[in-house]
Amino acid sequence: MRRRMGTKVGTVVVAPLAALLVATGAPAVAAPTAPALIAAPPPSGDPEDVAPAALPAASAPPAQVEEERLTPPSPSPDSGGARQVTSPDPLKLVAVTWTGPAPQVVEMRSRLITGLFGPWTRVDPVDTERDGRRNASTGTEPVWVDDSKEVQVRATTNGQPVTQRVALTSIDPGTGSNDARIAAAAVTPGGATGSPSSPAVVTRAQWGADERLMTWAPEYTPTVRAVTVHHTAGTNAYTAAESAAIVRGIYTYHARTQGWGDIGYNVLVDRFGTVFEGRAGGLARSVIAAHAGGFNRETFGIAMMGDFTSVAPPAPTLEATAQLAAYKLGGLYRDPNATVSLTSTGGGTSRYPAGRAVSLPAVFAHRDVGATECPGNTGVRSMPTIRSRTAALVGNLASYPIRQKWLALRSVLAEPSVVESPTARSARVTRFSGANGAVYWSSATGAWAVYGTIGTRYDALGAAGSVLGLPRTDEKATPDGRGRYNQFQSGSIYWSPSTGAWPVRGPILTRWGQLGYERSSLGYPKGDQRAVTGGQRQDFERGYLRLNTATGAVTVNS
C-alpha cells in the first residue's frame with residue numbers, strides 16, 4: 001500500500017472481468033427528427049466490425065485517487081509563487097484542481113530522473129465535457145509524470161499568484177495484468193470487404209476498465225456525421241507498457257473527479273499506434289461521449305495520447321487515427337472530405353451558443369468547436385494528413401452496395417446508425433435510425449432492406465443467422481393490398497395489420513403458395529410454425545396447414 005503525504009480521497013478497485021467488451025448489435029433508434037438523446041438496448045445482434053486485440057481480460061490492483069498536500073518549495077530562482085508536492089512514492093498521473101473561478105494560467109513541472117526539474121509547462125483547463133454541464137471547469141487536463149516523486153505547481157490570475165487556491169489530485173492506476181502484453185501486441189490494420197474495418201482494438205475489459213465507475217447507461221444519437229481529433233495534453237515520453245495505465249488514469253479522472261461517469265473520448269490512440277476503446281456503448285454504434293462540449297452528438301472523438309503543441313504526432317498515431325476515422329465515416333457512408341453542419345448544444349467549453357448551426361469538415365480538430373488549443377499546433381498541422389489518409393482508406397463511396405440501397409430508400413431508413421459490419425453467411429449489414437431498418441448484402445444475394453415490424457420479427461428470429469437466411473427482396477406490398485412481405489433465402493415473412501408479422505417457410509410455404517398465398521382461403525399467417533404430434537402446424541386467419549414430417553405431405557384445414 002502506498003504511503004505518502006496527502007489526504008486520501010478514495011480507492012478504485014479494478015476487478016478481473018470475465019469477457020471482452022465488444023458490444024454487438026445496434027440501437028433501436030429513432031429518425032433524425034426525434035430527440036437527439038436516445039438510450040436503447042441493441043436488437044438481436046449482428047456482430048460489429050471491431051476486432052479485439054488478442055488478449056485476455058485484464059485485472060489490476062486498486063487505483064488510488066488522492067488530494068496531495070502542497071507546501072512551499074525549496075528556494076529556487078524560477079519558482080515564483082510555486083508550491084510543491086513531495087511523495088515517497090511515484091505520483092503517476094496528476095491534475096491541478098480548484099474550487100471557485102479558474103486561474104488564468106496554471107503551470108506544472110516535475111523532477112526528472114536526472115534529479116533536475118523539467119521546464120515549466122502550461123496546463124490547460126480540462127476542455128472536454130459531458131453534455132448538460134454548464135458550470136466552469138474545476139481542473140486541468142491530467143498529466144502523466146511517470147515515476148516522479150516531486151511536482152511543482154503555480155497558478156496566476158491577472159499576473160498575481162493564486163496558487164494557494166489550487167490543489168493537486170494524483171491518480172495511481174497501478175499495473176494491470178495486460179500492460180506488458182499490450183506493449184508487445186502488434187496493431188494490424190483491417191481489410192474486410194466493404195467499408196474499412198478498424199484496427200485491432202484493446203477493449204475496455206482488456207485495459208482494465210472498472211465498470212463500477214459507470215454512473216449512467218450509454219446514450220446514443222441517430223448517427224455520426226463527423227470525427228473530432230484531440231490530444232490528451234499529457235506527456236509524450238511514456239512507454240508502450242504505460243499506455244494502458246494512462247488510459248485507466250484518464251478514465252478515473254474523467255469518471256470520478258470530473259463526474260462524467262465514464263471516459264470522455266470514444267477511443268484513444270497511443271504514440272505506438274495502439275488503439276484503446278474509450279467510451280462504453282460499442283465503437284460501431286453512435287455513442288454520445290464527453291469529448292467536445294456542445295458537439296458531443298453526431299461526432300466520434302479520437303484522442304491522440306500526448307501533447308502535440310510543439311511535437312508532431314508520431315506516424316503510427318496518425319495512421320491509427322486515420323484508420324479509425326475511415327472505419328467510422330466509411331462505415332456510415334460519410335465523405336471524409338465533405339463539409340457537414342452540426343448544431344451546438346452550448347456549454348462551458350463550446351465556442352458556439354446553443355442552437356447555432358456550424359459548418360465543419362467531416363474530420364475536424366477540437367479547437368474548431370471548443371475554447372481550447374486541442375489538439376495542439378502540430379496536431380492541427382497534421383489534420384490535412386489525417387483527412388487525406390482517411391479519404392484514401394474510405395475510397396469510392398459510390399462502389400459500396402449497401403450505400404446504394406440506402407440512398408434509394410433513405411426516406412424510410414433515415415440515417416446509418418451502426419457502421420457496416422460483417423454478419424452471418426459471409427454477409428455484411430448496416431443498421432439505420434429509421435423504422436428499425438437494416439440493409440444486408442452478400443455477393444450471392446445482393447443488397448436488400450428489412451425494416452419495420454417485419455424487421456423486428458427478423459431480428460427476433462436471429463436475423464442473418466436465422467433459418468430464413470439473408471433477404472433477397474426489399475419489403476413489398478402484397479397483391480391483395482392488405483399487407484407487406486419480404487422474401488429470404490429460405491422463406492418469407494408476411495405482415496398484415498390484423499395478424500402481425502410471421503415467417504412462412506419450407507413445405508408449408510410451398511403449399512400455401514400453391515393455394516394462392518394471402519389471397520387463398522387461409523389468408524395471412526397469424527403465428528409461427530410449431531411442433532405437433534407427427535409434424536409441424538402453422539395457423540392462418542381462416543385455418544391451418546399441417547406438415548407430416550414422415551411423409552412430407554401438407555394438409556389443409558380450413
# chains A, B, ... in the order shown; residues from 1 in each chain; ligands from 1
$ residues_around --residues "Trp441 (chain A)" --least-positions-apart "6" --cutoff "6 Å" --atoms "only C-alpha atoms" --output "ChimeraX atom specification"
/A:427-428,447
$ write_last_selection --atoms "all heavy atoms" --output "short mmCIF file (atom, residue, chain, number, x, y, z; two decimals), in the first residue's frame"
data_model
loop_
_atom_site.label_atom_id
_atom_site.label_comp_id
_atom_site.auth_asym_id
_atom_site.auth_seq_id
_atom_site.Cartn_x
_atom_site.Cartn_y
_atom_site.Cartn_z
N ALA A 427 -21.92 -12.31 -45.04
CA ALA A 427 -22.63 -11.10 -45.48
C ALA A 427 -22.17 -9.91 -44.67
O ALA A 427 -21.38 -10.02 -43.72
CB ALA A 427 -24.14 -11.30 -45.34
N ARG A 428 -22.68 -8.74 -45.05
CA ARG A 428 -22.43 -7.50 -44.31
C ARG A 428 -23.77 -6.82 -44.06
O ARG A 428 -24.72 -7.00 -44.82
CB ARG A 428 -21.47 -6.60 -45.07
CG ARG A 428 -20.07 -7.22 -45.20
CD ARG A 428 -19.09 -6.28 -45.87
NE ARG A 428 -18.74 -5.14 -45.03
CZ ARG A 428 -17.83 -5.18 -44.07
NH1 ARG A 428 -17.19 -6.31 -43.79
NH2 ARG A 428 -17.54 -4.09 -43.38
N ALA A 447 -27.85 -6.54 -52.25
CA ALA A 447 -28.20 -5.70 -51.11
C ALA A 447 -29.71 -5.51 -51.05
O ALA A 447 -30.32 -5.05 -52.04
CB ALA A 447 -27.51 -4.34 -51.21
#
$ residues_around --residues "Leu168 (chain A)" --least-positions-apart "5" --cutoff "10 Å" --atoms "only C-alpha atoms" --output "compact mmCIF listing (two decimals) with C-alpha atoms, in the first residue's frame"
# COMPACT_ATOMS: atom_id res chain seq x y z
CA GLY A 6 -1.84 13.87 1.41
CA GLU A 66 -5.52 11.32 -3.59
CA GLU A 67 -5.53 15.04 -2.96
CA GLU A 68 -1.92 15.97 -2.33
CA ARG A 69 -0.64 18.46 0.19
CA LEU A 70 1.01 21.46 -1.44
CA ARG A 83 4.01 25.22 -4.30
CA GLN A 84 5.27 21.66 -4.27
CA VAL A 85 4.19 18.08 -3.61
CA VAL A 94 -1.65 14.34 -11.75
CA ALA A 95 -4.04 17.24 -12.36
CA VAL A 96 -4.44 20.64 -10.76
CA THR A 97 -7.93 21.19 -9.34
CA TRP A 98 -9.70 24.12 -7.67
CA GLY A 139 -9.47 21.18 -13.06
CA THR A 140 -6.75 20.90 -15.68
CA VAL A 151 5.79 18.08 -8.70
CA GLN A 152 5.66 21.86 -8.53
CA VAL A 153 2.58 23.92 -9.39
$ residues_around --residues "Thr453 (chain A)" --least-positions-apart "6" --cutoff "8 Å" --atoms "only C-alpha atoms" --output "list in words"
Trp495, Gly500 and Ala501 of chain A
$ write_last_selection --atoms "N, CA and C atoms" --output "short mmCIF file (atom, residue, chain, number, x, y, z; two decimals), in the first residue's frame"
data_model
loop_
_atom_site.label_atom_id
_atom_site.label_comp_id
_atom_site.auth_asym_id
_atom_site.auth_seq_id
_atom_site.Cartn_x
_atom_site.Cartn_y
_atom_site.Cartn_z
N TRP A 495 -46.78 -9.79 -43.32
CA TRP A 495 -47.38 -8.93 -42.29
C TRP A 495 -48.70 -8.37 -42.77
N GLY A 500 -50.09 -9.22 -37.68
CA GLY A 500 -48.69 -9.04 -37.34
C GLY A 500 -47.79 -9.69 -38.36
N ALA A 501 -46.50 -9.83 -38.03
CA ALA A 501 -45.50 -10.36 -38.96
C ALA A 501 -45.08 -11.75 -38.53
#
$ closest_residue --among "A:Leu413, A:Gly80, A:Ser148, A:Leu93" --to "Phe117 (chain A)" --atoms "only C-alpha atoms"
A:Ser148
$ closest_atom_pairs --of "region 351-450 of chain A" --to "region 469-491 of chain A" --cutoff "7 Å" --atoms "only C-alpha atoms" --output "tab-separated table"
residue	atom	partner	partner_atom	distance
A:Thr445	CA	A:Arg472	CA	5.8
A:Trp448	CA	A:Asp474	CA	5.2
A:Ala449	CA	A:Asp474	CA	5.0
A:Val450	CA	A:Asp474	CA	6.4
$ closest_residue --among "A:Leu461, A:Val126, A:Val224, A:Val143" --to "Ser433 (chain A)" --atoms "only C-alpha atoms"
A:Val224
$ select_by_dssp --residues "region 389-534 of chain A" --states "strand (DSSP E)" --output "number ranges by chain"
A: 416-423, 427-432, 438-442, 446-450, 476-477, 484-488, 491-496, 500-504, 530-532
$ write_last_selection --atoms "C-alpha atoms" --output "mmCIF file, in the first residue's frame"
data_model
loop_
_atom_site.group_PDB
_atom_site.id
_atom_site.type_symbol
_atom_site.label_atom_id
_atom_site.label_comp_id
_atom_site.auth_asym_id
_atom_site.auth_seq_id
_atom_site.Cartn_x
_atom_site.Cartn_y
_atom_site.Cartn_z
ATOM 1 C CA PRO A 416 -26.961 4.999 -40.819
ATOM 2 C CA SER A 417 -26.549 4.455 -37.081
ATOM 3 C CA VAL A 418 -24.274 1.383 -36.845
ATOM 4 C CA VAL A 419 -21.277 1.020 -39.125
ATOM 5 C CA GLU A 420 -21.305 -1.542 -41.896
ATOM 6 C CA SER A 421 -20.158 -4.778 -40.281
ATOM 7 C CA PRO A 422 -19.739 -8.464 -41.086
ATOM 8 C CA THR A 423 -22.553 -10.794 -40.140
ATOM 9 C CA ALA A 427 -22.631 -11.102 -45.480
ATOM 10 C CA ARG A 428 -22.432 -7.505 -44.309
ATOM 11 C CA VAL A 429 -25.055 -5.372 -42.605
ATOM 12 C CA THR A 430 -25.662 -1.717 -41.801
ATOM 13 C CA ARG A 431 -28.342 -0.620 -39.357
ATOM 14 C CA PHE A 432 -30.242 2.632 -39.732
ATOM 15 C CA ALA A 438 -31.160 -2.690 -41.834
ATOM 16 C CA VAL A 439 -29.617 -3.451 -45.208
ATOM 17 C CA TYR A 440 -27.898 -6.797 -45.778
ATOM 18 C CA TRP A 441 -25.506 -7.571 -48.609
ATOM 19 C CA SER A 442 -23.680 -10.652 -49.824
ATOM 20 C CA GLY A 446 -27.037 -8.543 -53.377
ATOM 21 C CA ALA A 447 -28.203 -5.700 -51.109
ATOM 22 C CA TRP A 448 -31.737 -5.702 -49.706
ATOM 23 C CA ALA A 449 -33.509 -3.812 -46.918
ATOM 24 C CA VAL A 450 -35.507 -5.148 -43.983
ATOM 25 C CA LYS A 476 -43.087 -5.279 -50.890
ATOM 26 C CA ALA A 477 -46.836 -4.756 -50.834
ATOM 27 C CA ARG A 484 -46.390 -6.423 -46.726
ATOM 28 C CA TYR A 485 -43.761 -9.118 -47.157
ATOM 29 C CA ASN A 486 -40.026 -9.805 -47.549
ATOM 30 C CA GLN A 487 -38.593 -12.854 -49.246
ATOM 31 C CA PHE A 488 -35.493 -14.530 -47.797
ATOM 32 C CA GLY A 491 -38.686 -18.457 -46.596
ATOM 33 C CA SER A 492 -40.684 -15.263 -46.292
ATOM 34 C CA ILE A 493 -42.139 -13.000 -43.621
ATOM 35 C CA TYR A 494 -45.680 -11.750 -44.169
ATOM 36 C CA TRP A 495 -47.383 -8.928 -42.289
ATOM 37 C CA SER A 496 -50.870 -7.502 -42.071
ATOM 38 C CA GLY A 500 -48.687 -9.037 -37.340
ATOM 39 C CA ALA A 501 -45.501 -10.356 -38.960
ATOM 40 C CA TRP A 502 -44.781 -14.097 -39.168
ATOM 41 C CA PRO A 503 -42.352 -16.289 -41.115
ATOM 42 C CA VAL A 504 -43.530 -18.965 -43.525
ATOM 43 C CA ARG A 530 -44.949 -25.103 -34.051
ATOM 44 C CA ALA A 531 -44.329 -28.739 -33.329
ATOM 45 C CA VAL A 532 -47.330 -31.059 -33.056
#
$ select_by_dssp --residues "region 381-529 of chain A" --states "alpha helix (DSSP H)" --output "ChimeraX atom specification"
/A:381,383-394,401-408,410-413,452-461,506-515
$ closest_residue --among "A:Phe364, A:Tyr333, A:Tyr451, A:Trp512" --to "Asn396 (chain A)" --atoms "only C-alpha atoms"
A:Tyr333
$ atom_distance --atom1 "CA of Ile288 (chain A)" --atom2 "CA of Tyr220 (chain A)"
5.3 Å
$ decode --residues "region 157-171 of chain A" --atoms "all heavy atoms" --output "PDB file, in the first residue's frame"
ATOM      1  N   THR A 157      -3.621  34.727 -11.726  1.00  0.00           N
ATOM      2  CA  THR A 157      -4.746  35.436 -12.331  1.00  0.00           C
ATOM      3  C   THR A 157      -4.392  36.917 -12.363  1.00  0.00           C
ATOM      4  O   THR A 157      -3.984  37.482 -11.336  1.00  0.00           O
ATOM      5  CB  THR A 157      -6.039  35.207 -11.534  1.00  0.00           C
ATOM      6  OG1 THR A 157      -6.401  33.816 -11.617  1.00  0.00           O
ATOM      7  CG2 THR A 157      -7.192  36.048 -12.096  1.00  0.00           C
ATOM      8  N   ASN A 158      -4.511  37.511 -13.529  1.00  0.00           N
ATOM      9  CA  ASN A 158      -4.106  38.913 -13.715  1.00  0.00           C
ATOM     10  C   ASN A 158      -2.677  39.156 -13.241  1.00  0.00           C
ATOM     11  O   ASN A 158      -2.353  40.199 -12.665  1.00  0.00           O
ATOM     12  CB  ASN A 158      -5.065  39.847 -12.972  1.00  0.00           C
ATOM     13  CG  ASN A 158      -6.468  39.784 -13.526  1.00  0.00           C
ATOM     14  OD1 ASN A 158      -6.665  39.626 -14.734  1.00  0.00           O
ATOM     15  ND2 ASN A 158      -7.467  39.895 -12.652  1.00  0.00           N
ATOM     16  N   GLY A 159      -1.821  38.171 -13.437  1.00  0.00           N
ATOM     17  CA  GLY A 159      -0.412  38.288 -13.086  1.00  0.00           C
ATOM     18  C   GLY A 159      -0.105  38.097 -11.617  1.00  0.00           C
ATOM     19  O   GLY A 159       1.069  38.146 -11.220  1.00  0.00           O
ATOM     20  N   GLN A 160      -1.135  37.838 -10.785  1.00  0.00           N
ATOM     21  CA  GLN A 160      -0.917  37.672  -9.352  1.00  0.00           C
ATOM     22  C   GLN A 160      -1.016  36.201  -8.963  1.00  0.00           C
ATOM     23  O   GLN A 160      -1.885  35.476  -9.464  1.00  0.00           O
ATOM     24  CB  GLN A 160      -1.960  38.473  -8.563  1.00  0.00           C
ATOM     25  CG  GLN A 160      -1.902  39.975  -8.811  1.00  0.00           C
ATOM     26  CD  GLN A 160      -0.550  40.554  -8.446  1.00  0.00           C
ATOM     27  OE1 GLN A 160      -0.018  40.304  -7.355  1.00  0.00           O
ATOM     28  NE2 GLN A 160       0.021  41.333  -9.373  1.00  0.00           N
ATOM     29  N   PRO A 161      -0.138  35.725  -8.067  1.00  0.00           N
ATOM     30  CA  PRO A 161      -0.178  34.315  -7.664  1.00  0.00           C
ATOM     31  C   PRO A 161      -1.493  33.967  -6.959  1.00  0.00           C
ATOM     32  O   PRO A 161      -1.959  34.714  -6.091  1.00  0.00           O
ATOM     33  CB  PRO A 161       1.011  34.187  -6.705  1.00  0.00           C
ATOM     34  CG  PRO A 161       1.882  35.354  -7.011  1.00  0.00           C
ATOM     35  CD  PRO A 161       0.984  36.456  -7.442  1.00  0.00           C
ATOM     36  N   VAL A 162      -2.096  32.848  -7.366  1.00  0.00           N
ATOM     37  CA  VAL A 162      -3.293  32.317  -6.699  1.00  0.00           C
ATOM     38  C   VAL A 162      -3.100  30.825  -6.416  1.00  0.00           C
ATOM     39  O   VAL A 162      -4.062  30.079  -6.290  1.00  0.00           O
ATOM     40  CB  VAL A 162      -4.561  32.547  -7.550  1.00  0.00           C
ATOM     41  CG1 VAL A 162      -4.905  34.028  -7.631  1.00  0.00           C
ATOM     42  CG2 VAL A 162      -4.402  31.939  -8.942  1.00  0.00           C
ATOM     43  N   THR A 163      -1.840  30.428  -6.297  1.00  0.00           N
ATOM     44  CA  THR A 163      -1.534  29.011  -6.097  1.00  0.00           C
ATOM     45  C   THR A 163      -2.148  28.483  -4.810  1.00  0.00           C
ATOM     46  O   THR A 163      -2.447  27.284  -4.702  1.00  0.00           O
ATOM     47  CB  THR A 163      -0.015  28.789  -6.093  1.00  0.00           C
ATOM     48  OG1 THR A 163       0.569  29.478  -7.209  1.00  0.00           O
ATOM     49  CG2 THR A 163       0.335  27.320  -6.205  1.00  0.00           C
ATOM     50  N   GLN A 164      -2.378  29.363  -3.827  1.00  0.00           N
ATOM     51  CA  GLN A 164      -2.949  28.918  -2.568  1.00  0.00           C
ATOM     52  C   GLN A 164      -4.385  28.411  -2.741  1.00  0.00           C
ATOM     53  O   GLN A 164      -4.917  27.734  -1.854  1.00  0.00           O
ATOM     54  CB  GLN A 164      -2.915  30.056  -1.532  1.00  0.00           C
ATOM     55  CG  GLN A 164      -3.885  31.208  -1.786  1.00  0.00           C
ATOM     56  CD  GLN A 164      -3.373  32.205  -2.811  1.00  0.00           C
ATOM     57  OE1 GLN A 164      -2.298  32.008  -3.401  1.00  0.00           O
ATOM     58  NE2 GLN A 164      -4.115  33.278  -3.030  1.00  0.00           N
ATOM     59  N   ARG A 165      -5.016  28.712  -3.899  1.00  0.00           N
ATOM     60  CA  ARG A 165      -6.397  28.277  -4.115  1.00  0.00           C
ATOM     61  C   ARG A 165      -6.497  26.939  -4.844  1.00  0.00           C
ATOM     62  O   ARG A 165      -7.607  26.451  -5.061  1.00  0.00           O
ATOM     63  CB  ARG A 165      -7.156  29.326  -4.934  1.00  0.00           C
ATOM     64  CG  ARG A 165      -7.410  30.623  -4.203  1.00  0.00           C
ATOM     65  CD  ARG A 165      -8.574  31.382  -4.831  1.00  0.00           C
ATOM     66  NE  ARG A 165      -8.336  31.816  -6.211  1.00  0.00           N
ATOM     67  CZ  ARG A 165      -8.862  31.233  -7.291  1.00  0.00           C
ATOM     68  NH1 ARG A 165      -9.623  30.164  -7.169  1.00  0.00           N
ATOM     69  NH2 ARG A 165      -8.599  31.706  -8.497  1.00  0.00           N
ATOM     70  N   VAL A 166      -5.369  26.372  -5.238  1.00  0.00           N
ATOM     71  CA  VAL A 166      -5.433  25.145  -6.025  1.00  0.00           C
ATOM     72  C   VAL A 166      -4.932  23.955  -5.219  1.00  0.00           C
ATOM     73  O   VAL A 166      -4.290  24.103  -4.182  1.00  0.00           O
ATOM     74  CB  VAL A 166      -4.624  25.272  -7.337  1.00  0.00           C
ATOM     75  CG1 VAL A 166      -5.071  26.488  -8.135  1.00  0.00           C
ATOM     76  CG2 VAL A 166      -3.130  25.312  -7.070  1.00  0.00           C
ATOM     77  N   ALA A 167      -5.266  22.791  -5.720  1.00  0.00           N
ATOM     78  CA  ALA A 167      -4.810  21.536  -5.121  1.00  0.00           C
ATOM     79  C   ALA A 167      -4.269  20.656  -6.236  1.00  0.00           C
ATOM     80  O   ALA A 167      -4.461  20.932  -7.434  1.00  0.00           O
ATOM     81  CB  ALA A 167      -5.958  20.838  -4.396  1.00  0.00           C
ATOM     82  N   LEU A 168      -3.580  19.615  -5.850  1.00  0.00           N
ATOM     83  CA  LEU A 168      -3.061  18.649  -6.824  1.00  0.00           C
ATOM     84  C   LEU A 168      -3.714  17.304  -6.543  1.00  0.00           C
ATOM     85  O   LEU A 168      -3.594  16.766  -5.444  1.00  0.00           O
ATOM     86  CB  LEU A 168      -1.542  18.529  -6.732  1.00  0.00           C
ATOM     87  CG  LEU A 168      -0.916  17.727  -7.885  1.00  0.00           C
ATOM     88  CD1 LEU A 168      -0.836  18.593  -9.134  1.00  0.00           C
ATOM     89  CD2 LEU A 168       0.470  17.209  -7.515  1.00  0.00           C
ATOM     90  N   THR A 169      -4.426  16.784  -7.541  1.00  0.00           N
ATOM     91  CA  THR A 169      -5.021  15.453  -7.452  1.00  0.00           C
ATOM     92  C   THR A 169      -4.119  14.474  -8.182  1.00  0.00           C
ATOM     93  O   THR A 169      -3.688  14.734  -9.310  1.00  0.00           O
ATOM     94  CB  THR A 169      -6.419  15.436  -8.086  1.00  0.00           C
ATOM     95  OG1 THR A 169      -7.280  16.291  -7.329  1.00  0.00           O
ATOM     96  CG2 THR A 169      -6.993  14.029  -8.082  1.00  0.00           C
ATOM     97  N   SER A 170      -3.803  13.372  -7.514  1.00  0.00           N
ATOM     98  CA  SER A 170      -2.972  12.342  -8.159  1.00  0.00           C
ATOM     99  C   SER A 170      -3.772  11.048  -8.259  1.00  0.00           C
ATOM    100  O   SER A 170      -4.603  10.745  -7.411  1.00  0.00           O
ATOM    101  CB  SER A 170      -1.684  12.101  -7.372  1.00  0.00           C
ATOM    102  OG  SER A 170      -1.958  11.483  -6.136  1.00  0.00           O
ATOM    103  N   ILE A 171      -3.520  10.337  -9.339  1.00  0.00           N
ATOM    104  CA  ILE A 171      -4.172   9.051  -9.576  1.00  0.00           C
ATOM    105  C   ILE A 171      -3.101   8.036  -9.910  1.00  0.00           C
ATOM    106  O   ILE A 171      -2.348   8.208 -10.876  1.00  0.00           O
ATOM    107  CB  ILE A 171      -5.194   9.136 -10.726  1.00  0.00           C
ATOM    108  CG1 ILE A 171      -6.296  10.141 -10.391  1.00  0.00           C
ATOM    109  CG2 ILE A 171      -5.798   7.756 -11.013  1.00  0.00           C
ATOM    110  CD1 ILE A 171      -7.230  10.419 -11.541  1.00  0.00           C
TER     111      ILE A 171
END
